[in-house]
>>> print(open('model-v5.csv').read())   # CSV, C-alpha atoms and all ligand atoms
chain,number,residue,atom,x,y,z
A,25,MET,CA,-5.5,12.0,-13.4
A,26,ARG,CA,-4.3,9.9,-10.5
A,27,LYS,CA,-5.9,6.5,-9.9
A,28,LYS,CA,-8.2,5.8,-7.0
A,29,ILE,CA,-7.0,2.6,-5.3
A,30,VAL,CA,-8.2,0.3,-2.6
A,31,ALA,CA,-5.6,-2.3,-1.6
A,32,GLY,CA,-5.9,-5.1,0.9
A,33,ASN,CA,-2.9,-6.1,3.0
A,34,TRP,CA,-3.7,-9.5,4.4
A,35,LYS,CA,-0.5,-9.5,6.5
A,36,MET,CA,0.3,-12.9,7.9
A,37,ASN,CA,-3.3,-14.2,8.0
A,38,LYS,CA,-5.4,-17.1,6.6
A,39,THR,CA,-4.7,-20.8,6.0
A,40,PHE,CA,-4.5,-21.9,2.4
A,41,GLU,CA,-8.2,-23.0,2.4
A,42,GLU,CA,-9.3,-19.7,3.9
A,43,ALA,CA,-7.2,-17.7,1.4
A,44,ASP,CA,-8.7,-19.7,-1.4
A,45,GLU,CA,-12.2,-19.0,0.0
A,46,LEU,CA,-11.6,-15.3,0.4
A,47,LEU,CA,-10.2,-14.9,-3.1
A,48,ASN,CA,-13.3,-16.6,-4.5
A,49,ASP,CA,-15.6,-14.6,-2.3
A,50,ILE,CA,-14.0,-11.4,-3.6
A,51,SER,CA,-14.3,-12.6,-7.2
A,52,GLU,CA,-17.9,-13.6,-6.7
A,53,ALA,CA,-18.8,-10.4,-5.0
A,54,LEU,CA,-17.2,-8.5,-7.8
A,55,GLU,CA,-19.5,-10.3,-10.3
A,56,ALA,CA,-22.5,-9.3,-8.3
A,57,GLU,CA,-21.5,-5.7,-7.4
A,58,THR,CA,-20.5,-2.8,-9.6
A,59,ILE,CA,-17.4,-1.1,-8.6
A,60,ASP,CA,-16.6,2.2,-10.2
A,61,PRO,CA,-14.1,1.3,-13.0
A,62,SER,CA,-11.9,4.2,-12.0
A,63,VAL,CA,-11.1,2.4,-8.7
A,64,GLY,CA,-8.3,-0.1,-8.8
A,65,LEU,CA,-8.6,-3.0,-6.5
A,66,ILE,CA,-5.5,-4.8,-5.3
A,67,VAL,CA,-5.2,-7.8,-3.1
A,68,CYS,CA,-1.9,-8.5,-1.3
A,69,PRO,CA,-1.8,-11.9,0.3
A,70,PRO,CA,1.2,-13.7,1.8
A,71,PHE,CA,3.8,-15.1,-0.6
A,72,PRO,CA,2.6,-18.7,-0.7
A,73,TYR,CA,-0.9,-17.6,-1.9
A,74,LEU,CA,0.3,-15.2,-4.7
A,75,GLU,CA,-0.1,-17.9,-7.3
A,76,ILE,CA,-3.7,-18.8,-6.5
A,77,ALA,CA,-4.4,-15.1,-6.1
A,78,SER,CA,-3.0,-14.5,-9.5
A,79,ASP,CA,-5.0,-17.3,-11.0
A,80,VAL,CA,-8.3,-16.1,-9.5
A,81,SER,CA,-7.5,-12.5,-10.5
A,82,ASP,CA,-7.1,-13.5,-14.1
A,83,GLU,CA,-10.8,-14.1,-14.2
A,84,SER,CA,-11.7,-11.2,-12.0
A,85,TYR,CA,-11.5,-7.4,-11.7
A,86,PHE,CA,-8.8,-7.2,-9.0
A,87,GLN,CA,-5.0,-7.2,-9.3
A,88,VAL,CA,-2.4,-8.8,-7.0
A,89,GLY,CA,0.4,-7.3,-5.0
A,90,ALA,CA,3.1,-8.8,-2.7
A,91,GLN,CA,3.7,-7.6,0.8
A,92,ASN,CA,7.5,-7.5,0.6
A,93,VAL,CA,10.5,-8.0,-1.7
A,94,SER,CA,14.2,-8.5,-1.3
A,95,ASP,CA,16.5,-5.5,-1.6
A,96,GLN,CA,18.9,-7.8,-3.5
A,97,GLU,CA,18.8,-9.0,-7.1
A,98,MET,CA,19.6,-12.7,-6.5
A,99,GLY,CA,22.0,-15.0,-4.7
A,100,ALA,CA,22.7,-16.4,-1.3
A,101,TYR,CA,19.9,-14.6,0.7
A,102,THR,CA,18.1,-17.4,2.5
A,103,GLY,CA,14.4,-16.8,2.9
A,104,GLU,CA,14.2,-13.8,0.6
A,105,VAL,CA,12.0,-13.4,-2.5
A,106,SER,CA,13.3,-11.3,-5.4
A,107,ALA,CA,11.6,-8.8,-7.6
A,108,THR,CA,12.5,-11.1,-10.6
A,109,MET,CA,10.5,-13.9,-9.0
A,110,LEU,CA,7.5,-11.6,-8.4
A,111,GLN,CA,7.7,-10.3,-12.0
A,112,TYR,CA,7.8,-13.8,-13.3
A,113,MET,CA,4.5,-14.4,-11.5
A,114,ASP,CA,2.9,-11.3,-13.0
A,115,ILE,CA,2.7,-9.5,-9.7
A,116,ALA,CA,1.9,-5.9,-10.5
A,117,TYR,CA,2.4,-4.2,-7.1
A,118,CYS,CA,4.4,-4.7,-3.9
A,119,ILE,CA,4.1,-3.0,-0.5
A,120,VAL,CA,7.4,-1.6,0.8
A,121,GLY,CA,8.4,-0.1,4.1
A,122,HIS,CA,5.3,-1.1,6.1
A,123,SER,CA,5.6,0.1,9.7
A,124,GLU,CA,5.5,-3.5,10.9
A,125,ARG,CA,8.6,-4.3,8.7
A,126,ARG,CA,10.3,-1.1,9.9
A,127,ALA,CA,9.6,-1.9,13.6
A,128,TYR,CA,10.1,-5.7,13.7
A,129,TYR,CA,12.6,-6.3,10.9
A,130,HIS,CA,14.6,-3.1,11.1
A,131,GLU,CA,13.8,-1.9,7.6
A,132,THR,CA,15.5,1.5,7.2
A,133,ASP,CA,14.8,4.1,4.6
A,134,ALA,CA,17.9,3.0,2.8
A,135,ILE,CA,16.5,-0.6,2.6
A,136,VAL,CA,13.2,0.8,1.4
A,137,ALA,CA,15.0,2.8,-1.3
A,138,ALA,CA,16.9,-0.4,-2.4
A,139,LYS,CA,13.6,-2.4,-2.5
A,140,VAL,CA,11.9,0.3,-4.5
A,141,ASN,CA,14.8,0.2,-7.0
A,142,GLN,CA,14.5,-3.6,-7.3
A,143,LEU,CA,10.7,-3.3,-8.0
A,144,LEU,CA,11.0,-0.5,-10.6
A,145,ALA,CA,13.8,-2.5,-12.4
A,146,HIS,CA,11.3,-5.3,-12.7
A,147,GLU,CA,8.2,-3.3,-13.7
A,148,ILE,CA,6.4,-3.7,-10.4
A,149,GLN,CA,4.7,-0.7,-8.8
A,150,PRO,CA,5.8,0.0,-5.2
A,151,ILE,CA,3.2,0.9,-2.6
A,152,VAL,CA,5.5,2.7,-0.2
A,153,CYS,CA,4.3,3.2,3.4
A,154,CYS,CA,5.2,6.1,5.7
A,155,GLY,CA,3.8,7.3,9.0
A,156,GLU,CA,4.6,8.4,12.5
A,157,VAL,CA,4.3,6.6,15.8
A,158,LEU,CA,2.1,8.0,18.6
A,159,GLU,CA,4.9,9.7,20.5
A,160,GLU,CA,6.0,11.5,17.4
A,161,ARG,CA,2.5,12.8,16.8
A,162,GLU,CA,2.2,13.8,20.4
A,163,ALA,CA,5.4,15.7,20.0
A,164,ASN,CA,4.0,17.3,16.8
A,165,ARG,CA,6.9,15.7,14.8
A,166,GLN,CA,4.7,13.8,12.3
A,167,PHE,CA,5.6,16.1,9.3
A,168,GLU,CA,9.3,15.9,9.9
A,169,VAL,CA,9.2,12.1,10.3
A,170,VAL,CA,7.1,11.5,7.2
A,171,LYS,CA,9.3,14.0,5.2
A,172,THR,CA,12.4,12.0,6.1
A,173,GLN,CA,10.8,8.7,5.1
A,174,ILE,CA,9.7,10.1,1.8
A,175,GLN,CA,12.9,11.9,1.0
A,176,ASP,CA,15.3,9.1,2.0
A,177,GLY,CA,13.2,6.3,0.6
A,178,LEU,CA,12.1,7.8,-2.7
A,179,PHE,CA,13.7,11.1,-3.7
A,180,HIS,CA,16.7,9.4,-5.3
A,181,LEU,CA,14.3,8.4,-8.2
A,182,SER,CA,14.0,10.3,-11.5
A,183,ALA,CA,10.6,11.9,-12.1
A,184,GLU,CA,9.8,9.1,-14.6
A,185,GLU,CA,10.6,6.5,-12.0
A,186,PHE,CA,8.7,8.3,-9.3
A,187,ALA,CA,5.6,8.3,-11.5
A,188,GLN,CA,5.3,4.5,-10.9
A,189,VAL,CA,5.2,5.0,-7.1
A,190,ILE,CA,2.0,4.8,-4.9
A,191,ILE,CA,2.3,6.2,-1.4
A,192,ALA,CA,0.4,5.0,1.6
A,193,TYR,CA,0.2,7.2,4.7
A,194,GLU,CA,-0.3,4.9,7.7
A,195,PRO,CA,-0.1,6.6,11.0
A,196,VAL,CA,1.3,3.7,13.2
A,197,TRP,CA,-1.0,4.6,16.1
A,198,ALA,CA,-4.0,3.9,13.8
A,199,ILE,CA,-2.9,0.5,12.6
A,200,GLY,CA,-4.9,-2.4,14.0
A,201,THR,CA,-6.0,-0.2,16.9
A,202,GLY,CA,-9.5,0.7,15.8
A,203,LYS,CA,-8.3,4.4,16.2
A,204,THR,CA,-8.6,6.1,12.8
A,205,ALA,CA,-7.0,9.4,11.9
A,206,THR,CA,-9.7,12.0,11.5
A,207,PRO,CA,-10.5,12.9,7.9
A,208,ALA,CA,-8.9,16.3,8.7
A,209,GLN,CA,-5.6,14.7,10.0
A,210,ALA,CA,-5.5,12.4,6.9
A,211,GLN,CA,-6.1,15.3,4.5
A,212,GLU,CA,-3.5,17.5,6.2
A,213,MET,CA,-0.8,14.9,5.9
A,214,HIS,CA,-1.7,13.8,2.4
A,215,ALA,CA,-1.6,17.4,1.2
A,216,PHE,CA,1.8,17.8,2.9
A,217,ILE,CA,3.1,14.7,1.2
A,218,ARG,CA,1.8,16.0,-2.2
A,219,SER,CA,3.5,19.3,-1.5
A,220,LEU,CA,6.8,17.5,-0.9
A,221,ILE,CA,6.4,15.7,-4.2
A,222,ALA,CA,5.5,18.9,-6.0
A,223,GLU,CA,8.6,20.7,-4.7
A,224,LYS,CA,10.8,17.8,-5.8
A,225,TYR,CA,9.2,16.7,-9.1
A,226,GLY,CA,6.8,19.5,-10.0
A,227,ALA,CA,3.0,19.9,-9.8
A,228,GLN,CA,2.1,17.5,-12.5
A,229,VAL,CA,3.9,14.5,-11.0
A,230,ALA,CA,2.4,15.4,-7.6
A,231,ASP,CA,-1.1,15.6,-9.1
A,232,ASN,CA,-0.7,12.2,-10.6
A,233,THR,CA,0.6,10.4,-7.5
A,234,SER,CA,-2.0,8.3,-5.7
A,235,ILE,CA,-1.7,8.7,-1.9
A,236,LEU,CA,-3.6,6.1,0.1
A,237,TYR,CA,-4.6,6.2,3.7
A,238,GLY,CA,-4.2,3.2,6.0
A,239,GLY,CA,-5.0,2.6,9.6
A,240,SER,CA,-8.3,1.1,10.9
A,241,CYS,CA,-10.0,2.0,7.7
A,242,LYS,CA,-13.4,0.2,7.4
A,243,PRO,CA,-16.8,0.5,5.7
A,244,SER,CA,-18.1,2.8,8.4
A,245,ASN,CA,-15.3,5.5,8.0
A,246,ALA,CA,-14.0,5.0,4.4
A,247,LYS,CA,-16.5,7.4,2.9
A,248,GLU,CA,-15.5,10.4,5.0
A,249,LEU,CA,-11.8,9.6,4.6
A,250,PHE,CA,-12.0,9.2,0.8
A,251,ALA,CA,-14.1,12.4,0.5
A,252,ASN,CA,-10.9,14.4,1.1
A,253,PRO,CA,-9.3,15.8,-2.1
A,254,ASP,CA,-5.8,14.4,-1.3
A,255,VAL,CA,-7.0,11.0,-0.1
A,256,ASP,CA,-6.9,8.7,-3.2
A,257,GLY,CA,-8.0,5.5,-1.5
A,258,GLY,CA,-6.9,3.1,1.2
A,259,LEU,CA,-4.5,0.4,2.3
A,260,ILE,CA,-6.7,-1.9,4.3
A,261,GLY,CA,-5.5,-4.4,6.9
A,262,GLY,CA,-8.2,-6.1,9.1
A,263,ALA,CA,-11.2,-5.1,7.0
A,264,SER,CA,-9.6,-6.7,3.8
A,265,LEU,CA,-9.9,-10.1,5.4
A,266,ASN,CA,-13.6,-10.1,4.7
A,267,ALA,CA,-14.8,-9.9,1.1
A,268,ASN,CA,-18.0,-7.8,1.9
A,269,ASP,CA,-16.1,-5.3,4.0
A,270,PHE,CA,-13.3,-5.0,1.5
A,271,LEU,CA,-15.8,-4.3,-1.4
A,272,ALA,CA,-17.9,-2.0,0.8
A,273,ILE,CA,-14.7,0.1,1.2
A,274,ALA,CA,-14.0,0.0,-2.5
A,275,LYS,CA,-17.6,1.4,-3.1
A,276,ALA,CA,-17.1,4.2,-0.6
A,277,PHE,CA,-15.8,6.8,-3.2
A,301,LIG,P1,-5.6,-2.1,9.8
A,301,LIG,O1,-6.6,-1.7,8.7
A,301,LIG,O2,-5.8,-3.5,10.3
A,301,LIG,O3,-5.5,-1.0,10.8
A,301,LIG,O4,-4.1,-2.2,9.1
A,301,LIG,C1,-3.7,-1.1,8.3
A,301,LIG,C2,-2.5,-1.6,7.6
A,301,LIG,O5,-1.4,-1.7,8.3
A,301,LIG,C3,-2.5,-1.8,6.2
A,301,LIG,O6,-1.2,-2.0,5.6
>>> encode(input="model-v5.csv", output="structure tokens")
Amino acid sequence: MRKKIVAGNWKMNKTFEEADELLNDISEALEAETIDPSVGLIVCPPFPYLEIASDVSDESYFQVGAQNVSDQEMGAYTGEVSATMLQYMDIAYCIVGHSERRAYYHETDAIVAAKVNQLLAHEIQPIVCCGEVLEEREANRQFEVVKTQIQDGLFHLSAEEFAQVIIAYEPVWAIGTGKTATPAQAQEMHAFIRSLIAEKYGAQVADNTSILYGGSCKPSNAKELFANPDVDGGLIGGASLNANDFLAIAKAF
């Protein structure tokens, strides 16, 4: 059976002190609350906070992910962070192909594919983001757009490699806008993504793939989103910056 996952993408937020406080708040809240043990909880802070996140997570229930990784193995790539470095820090997950990286840093599907390869070579599970912008949805092109992102970013993998991948459907028009996809829109796209995986890798691989929803997911709407059969959790931005909201979402299954 596929895993249910709630992952927090902090993006470029929090000072060191605030990050330390949030990590400890999450850890304390996890001691007080009972989260369904079938729900995996992942925190993805900025690179400089990975080490403290990793230390706090050692004594807590959550796991740690990075928000980005280099598409190169090592060498003269100023400012980049390699999968080897993340692996050495025991980072278990990494977000790849977030729409903000696609839009502001020109990350193409080919770059996404290279980053996924780096992560898998270093035993880190990629959380691969896909999703259409508003104009594409208005032109009813959302399925075509997501299909290309999934095919070009992931379908070079073997079935065994693909089994390590987590997908996050994040409609760009819903990110940070307060405008959430309706549960029906999320379910429709998640079922479509699962059908693409089934066509390529077979029903069993598709059934085992966790597909998360992202885009203005919060405690008030998580329950109805997660109630859909193909929505296996969420990739949470803004609401992951508060321990109570983040855990309320994790309890929404
Ligand atoms: P928000 O939850 O702030 O809309 O962000 C979603 C997101 O981009 C997570 O990766």
>>> closest_residue(input="model-v5.csv", among="A:Gln211, A:Ser234, A:Thr201, A:Ser264", to="Glu248 (chain A)", atoms="only C-alpha atoms")
A:Gln211
>>> residues_around(input="model-v5.csv", residues="Ala215 (chain A)", least_positions_apart="5", cutoff="9 Å", atoms="only C-alpha atoms", output="PyMOL selection string")
chain A and resi 210+220+253-255
>>> closest_residue(input="model-v5.csv", among="A:Phe270, A:Ser84, A:Gly262, A:Tyr101", to="Met36 (chain A)", atoms="all atoms listed in the file")
A:Gly262
>>> residues_near_ligand(input="model-v5.csv", ligand="ligand LIG 301 (chain A)", cutoff="7 Å", atoms="all atoms listed in the file", output="PyMOL selection string")
chain A and resi 33+122+194+198-202+238-241+259-263
>>> atom_distance(input="model-v5.csv", atom1="CA of Ala267 (chain A)", atom2="CA of Ile235 (chain A)")
22.9 Å
>>> closest_residue(input="model-v5.csv", among="A:Val120, A:Ile50, A:Leu158, A:Ala90", to="Ala138 (chain A)", atoms="all atoms listed in the file")
A:Val120
>>> residues_around(input="model-v5.csv", residues="Ala77 (chain A)", least_positions_apart="6", cutoff="8 Å", atoms="only C-alpha atoms", output="mmCIF file with C-alpha atoms, in the frame of the given file")
data_model
loop_
_atom_site.group_PDB
_atom_site.id
_atom_site.type_symbol
_atom_site.label_atom_id
_atom_site.label_comp_id
_atom_site.auth_asym_id
_atom_site.auth_seq_id
_atom_site.Cartn_x
_atom_site.Cartn_y
_atom_site.Cartn_z
ATOM 1 C CA ASP A 44 -8.700 -19.700 -1.400
ATOM 2 C CA LEU A 47 -10.200 -14.900 -3.100
ATOM 3 C CA VAL A 67 -5.200 -7.800 -3.100
ATOM 4 C CA PRO A 69 -1.800 -11.900 0.300
ATOM 5 C CA VAL A 88 -2.400 -8.800 -7.000
#
>>> closest_residue(input="model-v5.csv", among="A:Ala43, A:Val140, A:Ala53, A:Val189", to="Pro72 (chain A)", atoms="only C-alpha atoms")
A:Ala43
>>> atom_distance(input="model-v5.csv", atom1="CA of Ile119 (chain A)", atom2="CA of Thr206 (chain A)")
23.7 Å
>>> residues_around(input="model-v5.csv", residues="region 272-274 of chain A", least_positions_apart="4", cutoff="10 Å", atoms="all atoms listed in the file", output="ChimeraX atom specification")
/A:28-31,57,59-60,63-65,241-247,250,257-258,260,263-264,266-268
>>> residues_around(input="model-v5.csv", residues="Leu178 (chain A)", least_positions_apart="6", cutoff="9 Å", atoms="only C-alpha atoms", output="list in words")
Asp133, Val136, Ala137, Val140, Val152, Phe186 and Val189 of chain A
>>> atom_distance(input="model-v5.csv", atom1="CA of Asn252 (chain A)", atom2="CA of His214 (chain A)")
9.3 Å
>>> closest_residue(input="model-v5.csv", among="A:Ala127, A:Ala134, A:Leu249, A:Val157", to="Pro195 (chain A)", atoms="only C-alpha atoms")
A:Val157
>>> residues_around(input="model-v5.csv", residues="Ala183 (chain A)", least_positions_apart="6", cutoff="9 Å", atoms="only C-alpha atoms", output="ChimeraX atom specification")
/A:224-226,229
>>> build_atoms(input="model-v5.csv", residues="region 60-73 of chain A", atoms="N, CA and C atoms", output="PDB file, in the frame of the given file")
ATOM      1  N   ASP A  60     -16.933   1.177  -9.241  1.00  0.00           N
ATOM      2  CA  ASP A  60     -16.600   2.200 -10.200  1.00  0.00           C
ATOM      3  C   ASP A  60     -15.275   1.826 -10.891  1.00  0.00           C
ATOM      4  N   PRO A  61     -15.314   1.744 -12.237  1.00  0.00           N
ATOM      5  CA  PRO A  61     -14.100   1.300 -13.000  1.00  0.00           C
ATOM      6  C   PRO A  61     -12.899   2.143 -12.802  1.00  0.00           C
ATOM      7  N   SER A  62     -13.079   3.340 -12.247  1.00  0.00           N
ATOM      8  CA  SER A  62     -11.900   4.200 -12.000  1.00  0.00           C
ATOM      9  C   SER A  62     -11.191   3.806 -10.702  1.00  0.00           C
ATOM     10  N   VAL A  63     -11.767   2.861  -9.966  1.00  0.00           N
ATOM     11  CA  VAL A  63     -11.100   2.400  -8.700  1.00  0.00           C
ATOM     12  C   VAL A  63     -10.370   1.126  -8.941  1.00  0.00           C
ATOM     13  N   GLY A  64      -9.070   1.155  -8.714  1.00  0.00           N
ATOM     14  CA  GLY A  64      -8.300  -0.100  -8.800  1.00  0.00           C
ATOM     15  C   GLY A  64      -8.334  -0.846  -7.536  1.00  0.00           C
ATOM     16  N   LEU A  65      -8.505  -2.150  -7.669  1.00  0.00           N
ATOM     17  CA  LEU A  65      -8.600  -3.000  -6.500  1.00  0.00           C
ATOM     18  C   LEU A  65      -7.407  -3.942  -6.476  1.00  0.00           C
ATOM     19  N   ILE A  66      -6.678  -3.950  -5.367  1.00  0.00           N
ATOM     20  CA  ILE A  66      -5.500  -4.800  -5.300  1.00  0.00           C
ATOM     21  C   ILE A  66      -5.540  -5.647  -4.034  1.00  0.00           C
ATOM     22  N   VAL A  67      -5.186  -6.912  -4.194  1.00  0.00           N
ATOM     23  CA  VAL A  67      -5.200  -7.800  -3.100  1.00  0.00           C
ATOM     24  C   VAL A  67      -3.725  -8.265  -2.820  1.00  0.00           C
ATOM     25  N   CYS A  68      -3.251  -8.097  -1.591  1.00  0.00           N
ATOM     26  CA  CYS A  68      -1.900  -8.500  -1.300  1.00  0.00           C
ATOM     27  C   CYS A  68      -1.835  -9.567  -0.208  1.00  0.00           C
ATOM     28  N   PRO A  69      -1.860 -10.814  -0.672  1.00  0.00           N
ATOM     29  CA  PRO A  69      -1.800 -11.900   0.300  1.00  0.00           C
ATOM     30  C   PRO A  69      -0.364 -12.304   0.599  1.00  0.00           C
ATOM     31  N   PRO A  70      -0.151 -13.209   1.548  1.00  0.00           N
ATOM     32  CA  PRO A  70       1.200 -13.700   1.800  1.00  0.00           C
ATOM     33  C   PRO A  70       1.812 -14.393   0.595  1.00  0.00           C
ATOM     34  N   PHE A  71       3.129 -14.470   0.521  1.00  0.00           N
ATOM     35  CA  PHE A  71       3.800 -15.100  -0.600  1.00  0.00           C
ATOM     36  C   PHE A  71       3.242 -16.410  -1.118  1.00  0.00           C
ATOM     37  N   PRO A  72       2.999 -17.362  -0.168  1.00  0.00           N
ATOM     38  CA  PRO A  72       2.600 -18.700  -0.700  1.00  0.00           C
ATOM     39  C   PRO A  72       1.235 -18.677  -1.388  1.00  0.00           C
ATOM     40  N   TYR A  73       0.464 -17.608  -1.235  1.00  0.00           N
ATOM     41  CA  TYR A  73      -0.900 -17.600  -1.900  1.00  0.00           C
ATOM     42  C   TYR A  73      -0.869 -16.676  -3.124  1.00  0.00           C
TER      43      TYR A  73
END
